[in-house]
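**Q** For reference, this is coords18.pdb, and it has PDB, C-alpha atoms, pLDDT in the B column.
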```
ATOM      1  CA  MET A   1       0.000   0.000   0.000  1.00 44.00           C
ATOM      2  CA  SER A   2       2.950   2.351   0.539  1.00 46.00           C
ATOM      3  CA  LEU A   3       3.746   2.238  -3.192  1.00 43.00           C
ATOM      4  CA  LEU A   4       0.168   3.223  -4.014  1.00 42.00           C
ATOM      5  CA  SER A   5       0.254   6.133  -1.581  1.00 48.00           C
ATOM      6  CA  LEU A   6       3.512   7.399  -3.087  1.00 43.00           C
ATOM      7  CA  ALA A   7       2.198   7.153  -6.640  1.00 42.00           C
ATOM      8  CA  LEU A   8      -1.074   8.895  -5.845  1.00 42.00           C
ATOM      9  CA  ALA A   9       0.771  11.673  -4.022  1.00 47.00           C
ATOM     10  CA  LEU A  10       2.925  12.598  -7.034  1.00 43.00           C
ATOM     11  CA  ALA A  11       0.166  13.902  -9.318  1.00 43.00           C
ATOM     12  CA  PRO A  12      -1.559  16.128  -6.688  1.00 48.00           C
ATOM     13  CA  SER A  13       1.793  17.567  -5.617  1.00 49.00           C
ATOM     14  CA  ALA A  14       2.553  18.586  -9.208  1.00 46.00           C
ATOM     15  CA  GLN A  15      -0.884  20.215  -9.532  1.00 51.00           C
ATOM     16  CA  ALA A  16      -0.406  21.993  -6.196  1.00 50.00           C
ATOM     17  CA  ALA A  17       2.960  23.355  -7.354  1.00 52.00           C
ATOM     18  CA  GLU A  18       1.360  24.668 -10.554  1.00 58.00           C
ATOM     19  CA  ARG A  19      -1.435  26.349  -8.585  1.00 67.00           C
ATOM     20  CA  GLY A  20       1.149  27.756  -6.172  1.00 73.00           C
ATOM     21  CA  ILE A  21       3.166  29.594  -8.826  1.00 81.00           C
ATOM     22  CA  ARG A  22      -0.018  30.870 -10.490  1.00 85.00           C
ATOM     23  CA  ASN A  23      -1.255  32.203  -7.160  1.00 89.00           C
ATOM     24  CA  HIS A  24       2.055  34.003  -6.679  1.00 87.00           C
ATOM     25  CA  LEU A  25       1.832  35.557 -10.148  1.00 91.00           C
ATOM     26  CA  LEU A  26      -1.722  36.696  -9.447  1.00 92.00           C
ATOM     27  CA  LEU A  27      -0.635  38.286  -6.157  1.00 93.00           C
ATOM     28  CA  ILE A  28       2.288  40.034  -7.889  1.00 93.00           C
ATOM     29  CA  HIS A  29      -0.147  41.430 -10.474  1.00 94.00           C
ATOM     30  CA  GLN A  30      -2.508  42.695  -7.763  1.00 94.00           C
ATOM     31  CA  LEU A  31       0.324  44.346  -5.819  1.00 94.00           C
ATOM     32  CA  TYR A  32       1.609  45.970  -9.004  1.00 94.00           C
ATOM     33  CA  GLU A  33      -1.853  47.314  -9.802  1.00 94.00           C
ATOM     34  CA  ALA A  34      -1.941  48.764  -6.276  1.00 94.00           C
ATOM     35  CA  SER A  35       1.487  50.395  -6.866  1.00 93.00           C
ATOM     36  CA  ASP A  36       2.887  48.411  -3.918  1.00 95.00           C
ATOM     37  CA  TYR A  37       6.125  47.758  -5.776  1.00 94.00           C
ATOM     38  CA  GLU A  38       8.311  46.748  -2.819  1.00 95.00           C
ATOM     39  CA  ARG A  39       5.888  44.041  -1.654  1.00 95.00           C
ATOM     40  CA  ALA A  40       5.448  42.861  -5.231  1.00 94.00           C
ATOM     41  CA  LEU A  41       9.223  42.549  -5.619  1.00 94.00           C
ATOM     42  CA  ALA A  42       9.434  40.558  -2.379  1.00 94.00           C
ATOM     43  CA  GLN A  43       6.696  38.288  -3.710  1.00 93.00           C
ATOM     44  CA  VAL A  44       8.758  37.658  -6.850  1.00 93.00           C
ATOM     45  CA  GLU A  45      11.559  36.275  -4.680  1.00 91.00           C
ATOM     46  CA  VAL A  46       9.085  34.091  -2.777  1.00 91.00           C
ATOM     47  CA  ALA A  47       7.621  32.778  -6.044  1.00 88.00           C
ATOM     48  CA  ARG A  48      11.069  31.746  -7.256  1.00 87.00           C
ATOM     49  CA  GLN A  49      11.207  29.218  -4.423  1.00 86.00           C
ATOM     50  CA  GLU A  50       8.246  27.367  -5.960  1.00 82.00           C
ATOM     51  CA  LYS A  51       8.790  24.742  -8.651  1.00 81.00           C
ATOM     52  CA  HIS A  52       8.279  26.470 -12.008  1.00 79.00           C
ATOM     53  CA  ASP A  53       9.115  26.070 -15.682  1.00 87.00           C
ATOM     54  CA  THR A  54      11.118  28.271 -18.050  1.00 87.00           C
ATOM     55  CA  ASP A  55       8.148  30.389 -19.180  1.00 90.00           C
ATOM     56  CA  GLU A  56       7.250  31.159 -15.566  1.00 89.00           C
ATOM     57  CA  ASP A  57      10.894  31.975 -14.806  1.00 90.00           C
ATOM     58  CA  VAL A  58      10.836  34.417 -17.728  1.00 93.00           C
ATOM     59  CA  THR A  59       7.636  36.030 -16.390  1.00 93.00           C
ATOM     60  CA  LEU A  60       9.155  36.418 -12.910  1.00 93.00           C
ATOM     61  CA  SER A  61      12.304  38.017 -14.380  1.00 94.00           C
ATOM     62  CA  LEU A  62      10.187  40.435 -16.437  1.00 95.00           C
ATOM     63  CA  TYR A  63       8.202  41.372 -13.344  1.00 94.00           C
ATOM     64  CA  GLU A  64      11.431  41.928 -11.438  1.00 94.00           C
ATOM     65  CA  GLY A  65      12.717  44.177 -14.214  1.00 95.00           C
ATOM     66  CA  ILE A  66       9.508  46.232 -14.239  1.00 95.00           C
ATOM     67  CA  LEU A  67       9.369  46.554 -10.454  1.00 95.00           C
ATOM     68  CA  ARG A  68      13.025  47.547 -10.090  1.00 95.00           C
ATOM     69  CA  CYS A  69      12.597  50.198 -12.762  1.00 95.00           C
ATOM     70  CA  GLU A  70       9.534  51.497 -10.905  1.00 95.00           C
ATOM     71  CA  LEU A  71      11.719  51.696  -7.772  1.00 95.00           C
ATOM     72  CA  ASN A  72      14.371  53.676  -9.703  1.00 95.00           C
ATOM     73  CA  GLN A  73      16.767  50.704  -9.793  1.00 95.00           C
ATOM     74  CA  GLN A  74      17.353  50.934 -13.534  1.00 93.00           C
ATOM     75  CA  ASP A  75      20.599  48.943 -13.691  1.00 94.00           C
ATOM     76  CA  GLU A  76      19.155  46.025 -11.729  1.00 95.00           C
ATOM     77  CA  GLY A  77      15.946  46.246 -13.745  1.00 94.00           C
ATOM     78  CA  LYS A  78      17.773  46.051 -17.071  1.00 94.00           C
ATOM     79  CA  ALA A  79      19.778  43.083 -15.774  1.00 95.00           C
ATOM     80  CA  SER A  80      16.506  41.274 -14.982  1.00 94.00           C
ATOM     81  CA  PHE A  81      15.147  42.094 -18.448  1.00 94.00           C
ATOM     82  CA  ARG A  82      18.319  40.674 -19.947  1.00 95.00           C
ATOM     83  CA  THR A  83      17.910  37.433 -17.982  1.00 94.00           C
ATOM     84  CA  ALA A  84      14.360  37.050 -19.299  1.00 93.00           C
ATOM     85  CA  PHE A  85      15.179  37.860 -22.926  1.00 93.00           C
ATOM     86  CA  LEU A  86      18.158  35.490 -22.979  1.00 93.00           C
ATOM     87  CA  LEU A  87      15.669  32.702 -22.251  1.00 92.00           C
ATOM     88  CA  ARG A  88      12.816  34.032 -24.429  1.00 92.00           C
ATOM     89  CA  PRO A  89      13.935  36.874 -26.755  1.00 93.00           C
ATOM     90  CA  ASP A  90      10.343  37.564 -27.932  1.00 94.00           C
ATOM     91  CA  ALA A  91       8.688  37.425 -24.495  1.00 93.00           C
ATOM     92  CA  LYS A  92       6.048  40.110 -23.891  1.00 94.00           C
ATOM     93  CA  LEU A  93       5.931  42.237 -20.768  1.00 95.00           C
ATOM     94  CA  PRO A  94       3.286  40.892 -18.378  1.00 93.00           C
ATOM     95  CA  GLU A  95       1.928  44.374 -17.539  1.00 93.00           C
ATOM     96  CA  GLN A  96       1.140  47.698 -19.182  1.00 93.00           C
ATOM     97  CA  VAL A  97       4.071  49.907 -18.230  1.00 94.00           C
ATOM     98  CA  SER A  98       5.145  53.478 -18.711  1.00 94.00           C
ATOM     99  CA  PRO A  99       6.734  54.451 -22.044  1.00 94.00           C
ATOM    100  CA  LYS A 100      10.090  54.905 -20.272  1.00 95.00           C
ATOM    101  CA  ILE A 101      10.133  51.356 -18.871  1.00 95.00           C
ATOM    102  CA  GLU A 102       8.888  49.914 -22.160  1.00 95.00           C
ATOM    103  CA  ALA A 103      11.681  51.713 -23.999  1.00 95.00           C
ATOM    104  CA  ASP A 104      14.270  50.367 -21.552  1.00 95.00           C
ATOM    105  CA  ALA A 105      12.953  46.816 -21.980  1.00 95.00           C
ATOM    106  CA  GLU A 106      12.925  47.044 -25.769  1.00 95.00           C
ATOM    107  CA  SER A 107      16.451  48.433 -25.764  1.00 95.00           C
ATOM    108  CA  VAL A 108      17.638  45.425 -23.751  1.00 95.00           C
ATOM    109  CA  ARG A 109      15.712  43.078 -26.043  1.00 95.00           C
ATOM    110  CA  ARG A 110      17.422  44.522 -29.139  1.00 94.00           C
ATOM    111  CA  ARG A 111      20.862  44.133 -27.569  1.00 94.00           C
ATOM    112  CA  VAL A 112      20.146  40.538 -26.567  1.00 93.00           C
ATOM    113  CA  LYS A 113      18.945  39.638 -30.069  1.00 92.00           C
ATOM    114  CA  LYS A 114      22.031  41.266 -31.561  1.00 91.00           C
ATOM    115  CA  ASP A 115      24.263  39.356 -29.134  1.00 88.00           C
ATOM    116  CA  LEU A 116      22.546  36.089 -30.039  1.00 86.00           C
ATOM    117  CA  THR A 117      23.093  36.811 -33.727  1.00 85.00           C
ATOM    118  CA  ASP A 118      26.696  37.977 -33.363  1.00 77.00           C
ATOM    119  CA  THR A 119      27.993  35.034 -31.299  1.00 65.00           C
ATOM    120  CA  PRO A 120      28.491  32.164 -33.780  1.00 60.00           C
ATOM    121  CA  ALA A 121      30.629  30.221 -31.296  1.00 56.00           C
ATOM    122  CA  ALA A 122      27.768  30.038 -28.805  1.00 50.00           C
ATOM    123  CA  ARG A 123      25.288  29.101 -31.522  1.00 54.00           C
ATOM    124  CA  LYS A 124      27.628  26.386 -32.804  1.00 44.00           C
ATOM    125  CA  HIS A 125      27.954  24.965 -29.281  1.00 55.00           C
ATOM    126  CA  GLU A 126      24.179  24.907 -28.921  1.00 57.00           C
ATOM    127  CA  LEU A 127      23.747  23.083 -32.230  1.00 45.00           C
ATOM    128  CA  LEU A 128      26.413  20.525 -31.351  1.00 44.00           C
ATOM    129  CA  THR A 129      25.057  19.868 -27.851  1.00 57.00           C
ATOM    130  CA  PRO A 130      22.479  17.050 -28.054  1.00 55.00           C
ATOM    131  CA  LYS A 131      19.177  17.779 -26.389  1.00 59.00           C
ATOM    132  CA  PRO A 132      18.267  15.378 -23.546  1.00 61.00           C
ATOM    133  CA  GLN A 133      15.685  12.912 -24.795  1.00 59.00           C
ATOM    134  CA  ALA A 134      12.773  11.752 -22.682  1.00 58.00           C
ATOM    135  CA  PRO A 135      13.012   8.010 -21.958  1.00 57.00           C
ATOM    136  CA  ASP A 136      10.785   5.686 -23.956  1.00 55.00           C
ATOM    137  CA  THR A 137       7.706   4.875 -21.879  1.00 54.00           C
ATOM    138  CA  SER A 138       6.706   1.817 -23.896  1.00 53.00           C
ATOM    139  CA  SER A 139       8.697  -0.522 -21.650  1.00 50.00           C
ATOM    140  CA  LEU A 140       6.898   0.775 -18.563  1.00 51.00           C
ATOM    141  CA  THR A 141       3.561   0.298 -20.281  1.00 52.00           C
ATOM    142  CA  ASP A 142       4.469  -3.278 -21.130  1.00 52.00           C
ATOM    143  CA  VAL A 143       5.511  -3.984 -17.559  1.00 48.00           C
ATOM    144  CA  ALA A 144       2.214  -2.572 -16.287  1.00 49.00           C
ATOM    145  CA  GLU A 145       0.177  -5.108 -18.280  1.00 51.00           C
ATOM    146  CA  ALA A 146      -1.012  -7.066 -15.276  1.00 45.00           C
ATOM    147  CA  ARG A 147      -2.649 -10.002 -17.012  1.00 49.00           C
ATOM    148  CA  SER A 148      -0.748 -12.751 -15.232  1.00 45.00           C
ATOM    149  CA  THR A 149      -1.767 -14.544 -12.048  1.00 47.00           C
ATOM    150  CA  PRO A 150      -2.237 -12.418  -8.887  1.00 50.00           C
ATOM    151  CA  SER A 151       0.957 -13.702  -7.279  1.00 53.00           C
ATOM    152  CA  LYS A 152       3.061 -12.880 -10.346  1.00 59.00           C
ATOM    153  CA  ALA A 153       1.554  -9.394 -10.607  1.00 59.00           C
ATOM    154  CA  ARG A 154       2.698  -8.539  -7.097  1.00 63.00           C
ATOM    155  CA  GLN A 155       5.999 -10.321  -7.594  1.00 63.00           C
ATOM    156  CA  TYR A 156       6.898  -8.222 -10.635  1.00 66.00           C
ATOM    157  CA  ALA A 157       5.633  -4.946  -9.149  1.00 65.00           C
ATOM    158  CA  ARG A 158       9.161  -4.200  -7.989  1.00 68.00           C
ATOM    159  CA  VAL A 159      10.389  -3.865 -11.598  1.00 71.00           C
ATOM    160  CA  PRO A 160       8.459  -0.655 -12.474  1.00 70.00           C
ATOM    161  CA  ALA A 161       8.913   0.527  -8.871  1.00 70.00           C
ATOM    162  CA  ILE A 162      12.710   0.396  -9.157  1.00 81.00           C
ATOM    163  CA  ALA A 163      12.658   1.912 -12.660  1.00 75.00           C
ATOM    164  CA  GLY A 164      10.224   4.643 -11.637  1.00 66.00           C
ATOM    165  CA  GLY A 165      12.209   5.501  -8.526  1.00 76.00           C
ATOM    166  CA  ALA A 166      15.465   5.718 -10.481  1.00 78.00           C
ATOM    167  CA  LEU A 167      13.889   7.939 -13.135  1.00 73.00           C
ATOM    168  CA  ALA A 168      12.321  10.186 -10.483  1.00 73.00           C
ATOM    169  CA  VAL A 169      15.712  10.589  -8.790  1.00 79.00           C
ATOM    170  CA  ALA A 170      17.349  11.351 -12.162  1.00 78.00           C
ATOM    171  CA  GLY A 171      14.614  13.896 -12.860  1.00 70.00           C
ATOM    172  CA  GLY A 172      15.248  15.591  -9.528  1.00 77.00           C
ATOM    173  CA  VAL A 173      18.968  15.752 -10.240  1.00 79.00           C
ATOM    174  CA  SER A 174      18.344  17.195 -13.725  1.00 75.00           C
ATOM    175  CA  TRP A 175      15.993  19.790 -12.249  1.00 69.00           C
ATOM    176  CA  GLY A 176      18.605  20.726  -9.666  1.00 80.00           C
ATOM    177  CA  ILE A 177      21.269  21.173 -12.354  1.00 85.00           C
ATOM    178  CA  SER A 178      18.917  23.453 -14.304  1.00 76.00           C
ATOM    179  CA  ARG A 179      18.485  25.619 -11.200  1.00 74.00           C
ATOM    180  CA  VAL A 180      22.277  25.931 -10.918  1.00 77.00           C
ATOM    181  CA  TYR A 181      22.529  27.350 -14.458  1.00 69.00           C
ATOM    182  CA  LEU A 182      19.577  29.698 -13.967  1.00 74.00           C
ATOM    183  CA  ASN A 183      20.996  30.949 -10.656  1.00 75.00           C
ATOM    184  CA  ARG A 184      24.307  31.569 -12.414  1.00 71.00           C
ATOM    185  CA  LEU A 185      22.440  33.532 -15.049  1.00 69.00           C
ATOM    186  CA  ARG A 186      20.599  35.671 -12.492  1.00 75.00           C
ATOM    187  CA  GLY A 187      23.766  36.291 -10.486  1.00 71.00           C
ATOM    188  CA  ALA A 188      26.040  36.993 -13.440  1.00 70.00           C
ATOM    189  CA  SER A 189      28.319  39.995 -13.100  1.00 67.00           C
ATOM    190  CA  THR A 190      28.890  42.629 -15.741  1.00 69.00           C
ATOM    191  CA  SER A 191      32.250  41.006 -16.547  1.00 70.00           C
ATOM    192  CA  THR A 192      30.589  37.759 -17.661  1.00 73.00           C
ATOM    193  CA  SER A 193      30.836  37.333 -21.432  1.00 72.00           C
ATOM    194  CA  ASP A 194      27.766  37.112 -23.655  1.00 72.00           C
ATOM    195  CA  ALA A 195      28.819  33.659 -24.852  1.00 73.00           C
ATOM    196  CA  GLU A 196      28.815  32.362 -21.268  1.00 75.00           C
ATOM    197  CA  LEU A 197      25.393  33.882 -20.555  1.00 75.00           C
ATOM    198  CA  ILE A 198      23.873  32.348 -23.672  1.00 81.00           C
ATOM    199  CA  GLN A 199      25.457  28.988 -22.903  1.00 76.00           C
ATOM    200  CA  TRP A 200      24.082  28.998 -19.332  1.00 68.00           C
ATOM    201  CA  ALA A 201      20.609  29.917 -20.541  1.00 78.00           C
ATOM    202  CA  SER A 202      20.609  27.137 -23.140  1.00 76.00           C
ATOM    203  CA  ARG A 203      21.887  24.476 -20.760  1.00 78.00           C
ATOM    204  CA  GLY A 204      19.504  25.467 -17.973  1.00 73.00           C
ATOM    205  CA  ASP A 205      16.545  25.199 -20.354  1.00 76.00           C
ATOM    206  CA  LYS A 206      17.637  21.758 -21.595  1.00 79.00           C
ATOM    207  CA  TRP A 207      18.282  20.328 -18.131  1.00 75.00           C
ATOM    208  CA  GLN A 208      14.922  21.622 -16.931  1.00 79.00           C
ATOM    209  CA  THR A 209      13.119  19.949 -19.860  1.00 82.00           C
ATOM    210  CA  ALA A 210      14.919  16.679 -19.125  1.00 77.00           C
ATOM    211  CA  GLY A 211      14.067  16.931 -15.406  1.00 68.00           C
ATOM    212  CA  VAL A 212      10.341  17.423 -16.017  1.00 76.00           C
ATOM    213  CA  SER A 213      10.249  14.524 -18.512  1.00 81.00           C
ATOM    214  CA  LEU A 214      12.108  12.153 -16.203  1.00 72.00           C
ATOM    215  CA  LEU A 215       9.892  13.032 -13.225  1.00 70.00           C
ATOM    216  CA  ALA A 216       6.767  12.379 -15.302  1.00 78.00           C
ATOM    217  CA  VAL A 217       8.024   9.001 -16.493  1.00 76.00           C
ATOM    218  CA  GLY A 218       9.194   8.111 -12.988  1.00 67.00           C
ATOM    219  CA  ALA A 219       5.700   8.838 -11.682  1.00 77.00           C
ATOM    220  CA  THR A 220       4.323   6.535 -14.382  1.00 79.00           C
ATOM    221  CA  GLY A 221       6.567   3.704 -13.221  1.00 69.00           C
ATOM    222  CA  LEU A 222       5.639   4.149  -9.565  1.00 72.00           C
ATOM    223  CA  ALA A 223       1.949   4.300 -10.401  1.00 75.00           C
ATOM    224  CA  ALA A 224       2.304   1.131 -12.497  1.00 73.00           C
ATOM    225  CA  ALA A 225       4.001  -0.657  -9.611  1.00 67.00           C
ATOM    226  CA  ALA A 226       1.301   0.490  -7.203  1.00 71.00           C
ATOM    227  CA  GLY A 227      -1.422  -0.743  -9.545  1.00 70.00           C
ATOM    228  CA  MET A 228       0.220  -4.144  -9.981  1.00 68.00           C
ATOM    229  CA  TYR A 229       0.653  -4.510  -6.233  1.00 67.00           C
ATOM    230  CA  PHE A 230      -2.802  -3.289  -5.242  1.00 65.00           C
ATOM    231  CA  TRP A 231      -4.864  -4.995  -7.938  1.00 65.00           C
ATOM    232  CA  GLY A 232      -2.688  -8.111  -7.992  1.00 59.00           C
ATOM    233  CA  GLY A 233      -4.763  -9.623  -5.190  1.00 55.00           C
ATOM    234  CA  GLY A 234      -7.838 -10.155  -7.381  1.00 51.00           C
ATOM    235  CA  GLU A 235      -8.424 -12.730 -10.088  1.00 47.00           C
ATOM    236  CA  LYS A 236      -7.059 -11.943 -13.525  1.00 46.00           C
ATOM    237  CA  PRO A 237      -7.193  -8.157 -13.326  1.00 45.00           C
ATOM    238  CA  ALA A 238      -7.390  -6.741 -16.842  1.00 46.00           C
ATOM    239  CA  MET A 239      -5.620  -3.433 -16.533  1.00 49.00           C
ATOM    240  CA  SER A 240      -2.967  -1.417 -18.349  1.00 52.00           C
ATOM    241  CA  LEU A 241      -1.294   1.833 -17.352  1.00 50.00           C
ATOM    242  CA  GLY A 242       0.970   4.050 -19.432  1.00 54.00           C
ATOM    243  CA  ALA A 243       2.141   7.590 -20.104  1.00 52.00           C
ATOM    244  CA  SER A 244       0.773   9.841 -22.810  1.00 51.00           C
ATOM    245  CA  PRO A 245       3.241  11.172 -25.441  1.00 50.00           C
ATOM    246  CA  GLY A 246       5.703  13.531 -23.743  1.00 49.00           C
ATOM    247  CA  GLY A 247       4.998  12.070 -20.280  1.00 48.00           C
ATOM    248  CA  ALA A 248       2.469  14.801 -19.435  1.00 46.00           C
ATOM    249  CA  SER A 249      -0.273  12.529 -18.074  1.00 48.00           C
ATOM    250  CA  LEU A 250      -1.114   8.981 -17.050  1.00 50.00           C
ATOM    251  CA  VAL A 251      -3.599   6.758 -18.882  1.00 50.00           C
ATOM    252  CA  ILE A 252      -5.389   3.846 -17.178  1.00 49.00           C
ATOM    253  CA  GLN A 253      -7.408   1.349 -19.179  1.00 51.00           C
ATOM    254  CA  GLY A 254      -9.277  -1.816 -18.183  1.00 49.00           C
ATOM    255  CA  ARG A 255     -11.759  -2.932 -15.543  1.00 46.00           C
ATOM    256  CA  TRP A 256     -11.728  -2.822 -11.770  1.00 42.00           C
ATOM    257  CA  PRO A 257     -11.146  -6.162 -10.008  1.00 46.00           C
TER     258      PRO A 257
END
```
Produce structure tokens that represent the structure in this file.

**A**
Amino acid sequence: MSLLSLALALAPSAQAAERGIRNHLLLIHQLYEASDYERALAQVEVARQEKHDTDEDVTLSLYEGILRCELNQQDEGKASFRTAFLLRPDAKLPEQVSPKIEADAESVRRRVKKDLTDTPAARKHELLTPKPQAPDTSSLTDVAEARSTPSKARQYARVPAIAGGALAVAGGVSWGISRVYLNRLRGASTSTSDAELIQWASRGDKWQTAGVSLLAVGATGLAAAAGMYFWGGGEKPAMSLGASPGGASLVIQGRWP
């Protein structure tokens, strides 16, 4: 039963994390509308502690740039804009801002795009660096086909459990590595070269994508193991469990024992 509890806890925790970052973004918007810029900026730092993807990291950096400019911290604000545009050069500002702030942001955007175009070495490195591929989920789906006798179903439950646990751990490690690159990017000094900044942004994005994919597939394996263990006590349970393309969701088919 412990395997089942672990598997069922993974999906709600991911949904809770998604709601958490959205709630933070909504609160930042409300504080900005109320011109409470200092509290909004503090909320940006709190939101960064939540699990979030690259697009949300870009939004938080854009908010930080806007808020710092509103607080007359132009240098820090432009640095935050640069962080966001290195990740998403065409990202739109999340709020209607004054013409002065919009001009500052667009100026940073133009410089970033020029830097990306004028650094062939960085672009060559990015092309030569293979993107992490999400593991094939077909083997986990095959393992989850619990059509054998009840004793064998429980006996083989450890196979997807071990695989799922290993993939979940690998996903956590990949996610952690992506945070290292993004923290480097946010804390970069003015002496850091453009090539290094672009390289950090690219690697952080790739490691984050790999981490999310591995965590999703790991959850699939743990859920498969839980299903085999829990439903293995009945007679001939006809059930299959697998991951949708990209590992974004779980699919359960069959009948209840």

**Q** Kindly give the distance, in Å, that separates CA of Ser98 (chain A) and CA of Val46 (chain A), rounded to a single decimal.

**A**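 Those two atoms sit 25.4 Å apart.
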
**Q** Do a neighbour search on Leu26 (chain A) at 12 Å with only C-alpha atoms, toss out local chain neighbours closer than 4 positions, and write the hits as a PyMOL selection string.

**A** chain A and resi 19-22+30-33+40+43-44+47+59-60+63+94-95

**Q** Can you write just those residues out, C-alpha atoms, as a PDB file, in the coordinates of the input?

**A**
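Result file follows (part.pdb):
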```pdb
ATOM      1  CA  ARG A  19      -1.435  26.349  -8.585  1.00 67.00           C
ATOM      2  CA  GLY A  20       1.149  27.756  -6.172  1.00 73.00           C
ATOM      3  CA  ILE A  21       3.166  29.594  -8.826  1.00 81.00           C
ATOM      4  CA  ARG A  22      -0.018  30.870 -10.490  1.00 85.00           C
ATOM      5  CA  GLN A  30      -2.508  42.695  -7.763  1.00 94.00           C
ATOM      6  CA  LEU A  31       0.324  44.346  -5.819  1.00 94.00           C
ATOM      7  CA  TYR A  32       1.609  45.970  -9.004  1.00 94.00           C
ATOM      8  CA  GLU A  33      -1.853  47.314  -9.802  1.00 94.00           C
ATOM      9  CA  ALA A  40       5.448  42.861  -5.231  1.00 94.00           C
ATOM     10  CA  GLN A  43       6.696  38.288  -3.710  1.00 93.00           C
ATOM     11  CA  VAL A  44       8.758  37.658  -6.850  1.00 93.00           C
ATOM     12  CA  ALA A  47       7.621  32.778  -6.044  1.00 88.00           C
ATOM     13  CA  THR A  59       7.636  36.030 -16.390  1.00 93.00           C
ATOM     14  CA  LEU A  60       9.155  36.418 -12.910  1.00 93.00           C
ATOM     15  CA  TYR A  63       8.202  41.372 -13.344  1.00 94.00           C
ATOM     16  CA  PRO A  94       3.286  40.892 -18.378  1.00 93.00           C
ATOM     17  CA  GLU A  95       1.928  44.374 -17.539  1.00 93.00           C
TER      18      GLU A  95
END
```

**Q** Given the choices A:Glu76, A:Ser35, A:Ile177, A:Leu93, which gets closest to Gly204 (chain A) if the distance is worked out from only C-alpha atoms?

**A** A:Ile177

**Q** Excluding Arg82 (chain A) and its own-chain neighbours fewer than 4 positions away, which residues fall within 8 Å of it when counting all atoms listed in the file? Please give them as JSON, numbers by chain.

**A** {"A": [78, 86, 108, 109, 112]}

**Q** Using all atoms listed in the file, which of the listed residues (A:Arg184, A:Arg203, A:Arg39, A:His52) sits closest to Arg68 (chain A)?

**A**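 Smallest separation from Arg68 (chain A) among the options: A:Arg39.
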
**Q** Point out the residue among A:Val169, A:Lys51, A:Leu71, A:Glu56 with the least atom-to-atom distance to Leu25 (chain A), counting all atoms listed in the file.

**A**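 Residue with the minimum atom-to-atom distance to Leu25 (chain A): A:Glu56.
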
**Q** Rank A:Ser178, A:Thr117, A:Thr220, A:Thr192 by their smallest atom-to-atom distance to Trp207 (chain A), using all atoms listed in the file, and report the top residue only.

**A**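 With all atoms listed in the file as the atom set, the closest residue is A:Ser178.
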
**Q** For the PyMOL selection byres ((chain A and resi 104) around 12), applied here, can you spell out every residue it catches as a PyMOL selection string?

**A** chain A and resi 62+65-66+68-70+74-82+93+97-103+105-111

**Q** Starting from 5 Å padding per side, set up an axis-aligned box that covers all listed atoms of region 26-45 of chain A and hand over centre and edge lengths in Å, one decimal, as lines of an AutoDock Vina configuration file.

**A**
```
center_x = 4.5
center_y = 43.3
center_z = -6.1
size_x = 24.1
size_y = 24.1
size_z = 18.8
```
